[in-house]
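Working notes, structure below.
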Amino acid sequence: MIALVFCLIAPRALAQGDDDLLAPLTPSAPATKGKTTKAKKPTKAAKGKKPGKAAEAEQDDEADLLAPLVKKTELLVKFNGGTRGTRLLVDEKDLGPVSKNPVEVDEGEHTVVVRKPGYRDFSKRLTFKAGERTEVAVSLEATAGFVSVKADIAGARVLVDGEERGRTPLEDLLLSAGSHEIVVEQEGFRPESQRIAVRAGKEYTVNFNLRPGALAKTDEPRAPVLTPSAVAEPSPFTQPPAEVAVSKPLTQRWYFWAGVGAVVAAAAVGTVVATSQPLSADAVCGGVCDGVINGPQGASAGGLRF
C-alpha cells in the first residue's frame, strides 16, 4: 500500500521540479495561506503603445544606414547661360532657383518649366523612372532688353514712353525690343529725356544729369523759334546805306549845253575861215617868210615852196 502511494506522488514532484528549472530567475512572492494568486494584466506597452524615443532613434539609425542603398529619382537641369533669376517649376510647383545640383522628384510623368524674366519660358513634358536621374538641357530665348537708369538726383521719377516705371536708381528695367523714350524728372529740376534703341537680351545703362529749374530758365533764349518779323528793326551794328541822288536827264545838265555851245562856236569859226579869202604868207609872217609849206600855190603845184 505504501509503495502504491509513493508511485502516485513521485511523478508530480518531478514535474514540479522541471518547471522550477525552466522558470526565470526572479524572486518569488511569499505564499499566502488560504489565498490564490491571480495572473497580472499585461502592461500598456504590451497592448500596442507607441514605442518611446529610444525606439524611434533606433528606427532613424536603421533608415540612415539603408539610405545609401536606395536610389533616388532626380532631375538635373543643364542651363546654357547665366542662372541668375531663373526658377525651376515641376507641375507648376516652384522648386527654387536653377542650380548645378540635381533635385529630387517623384517618379512618373511631369511638366518641367524653366522661367526667367525677359526670356520666353522653357517647357517640356518628361517621364521619370524610379531610381534614375533625368538630365535636360535648357536654352532660353530673349524677348526683352535690360536697362538701368541712373541720375545725379536720387529718387527722381522715371517715365518710359510716358508711363512711370519707378525711381532712380532703377536697375534691370525690362523693355521690349525697339525704340523707347526715357524721361527723368524731379520737382525743382528741369526734366531730361533720352531716346534709346533696345535689342533683346542686351544690357544698357542710361545716365542723367538734372539741372535746377531756375538755372535752366536763364539758359533758355527769349525767342527759341526764330521767325521773320513783319517790320525788320535796324541793327545798331549795321551801317545805313549811302544815299544815292536821283539822276537827272543829260539834257538838263549845264555842262551838256556848254559843250554843245563850244562845238557850235568851233563849227562857226571853221566855216568862216573856210569861206573867207586865204591870207598870203607874207601877211601871216609880217614880212618875207623864209619858207612856206603847203602854200596855196605850192599846194596847187604839188610841191613845197620855201
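Labeling convention for the C-alpha cells: chains A, B, ... as they appear, residues from 1 per chain, ligands from 1 in order of appearance.
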
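The residue set within 7 Å of A:Thr73, counting only C-alpha atoms and dropping same-chain residues fewer than 6 places from it, reads A:Glu104, A:Val105, A:Asp106, A:Glu107, A:Lys129, A:Ala130, A:Gly131, A:Glu132, A:Arg133.
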
Taking C-alpha atoms for each residue, export the selection above as a CSV table (one decimal), in the first residue's frame.
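Writing the result to out_39.csv gives the following:
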chain,number,residue,atom,x,y,z
A,104,GLU,CA,14.6,65.0,-56.2
A,105,VAL,CA,11.2,64.4,-57.9
A,106,ASP,CA,8.5,61.8,-57.9
A,107,GLU,CA,8.6,59.0,-60.5
A,129,LYS,CA,11.8,56.4,-63.8
A,130,ALA,CA,12.2,55.3,-60.3
A,131,GLY,CA,15.8,55.4,-59.0
A,132,GLU,CA,17.1,57.1,-62.1
A,133,ARG,CA,18.5,60.6,-62.9

| task | Determine, counting only C-alpha atoms, which protein, DNA and RNA residues have an atom within 8 Å of an atom of A:Ala200; residues of the same chain fewer than 4 positions away are not included. Present the result as a count of residues only. | result | 6

| said: I'd like the neighbourhood of A:Gly155 as a PyMOL selection string, where a residue qualifies if any of its atoms comes within 9 Å (using only C-alpha atoms), though same-chain residues fewer than 6 positions away should be ignored. | reply: chain A and resi 166-169+186

Generate the output file for the selected residues, C-alpha atoms, as a PDB file, in the first residue's frame.
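selection_0.pdb written:
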ATOM      1  CA  GLY A 166       9.941 103.683 -60.795  1.00  0.00           C
ATOM      2  CA  ARG A 167      12.502 105.937 -59.117  1.00  0.00           C
ATOM      3  CA  THR A 168      16.225 106.414 -59.659  1.00  0.00           C
ATOM      4  CA  PRO A 169      18.418 104.462 -59.394  1.00  0.00           C
ATOM      5  CA  GLN A 186      12.141 115.790 -60.237  1.00  0.00           C
TER       6      GLN A 186
END

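Going from atom CA of A:Val158 to atom CA of A:Val183 covers 5.9 Å.
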
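For the residues A:Val288, A:Val138, A:Ala262, A:Leu173, ranking by smallest atom-to-atom distance to A:Lys150 using only C-alpha atoms places A:Leu173 first.
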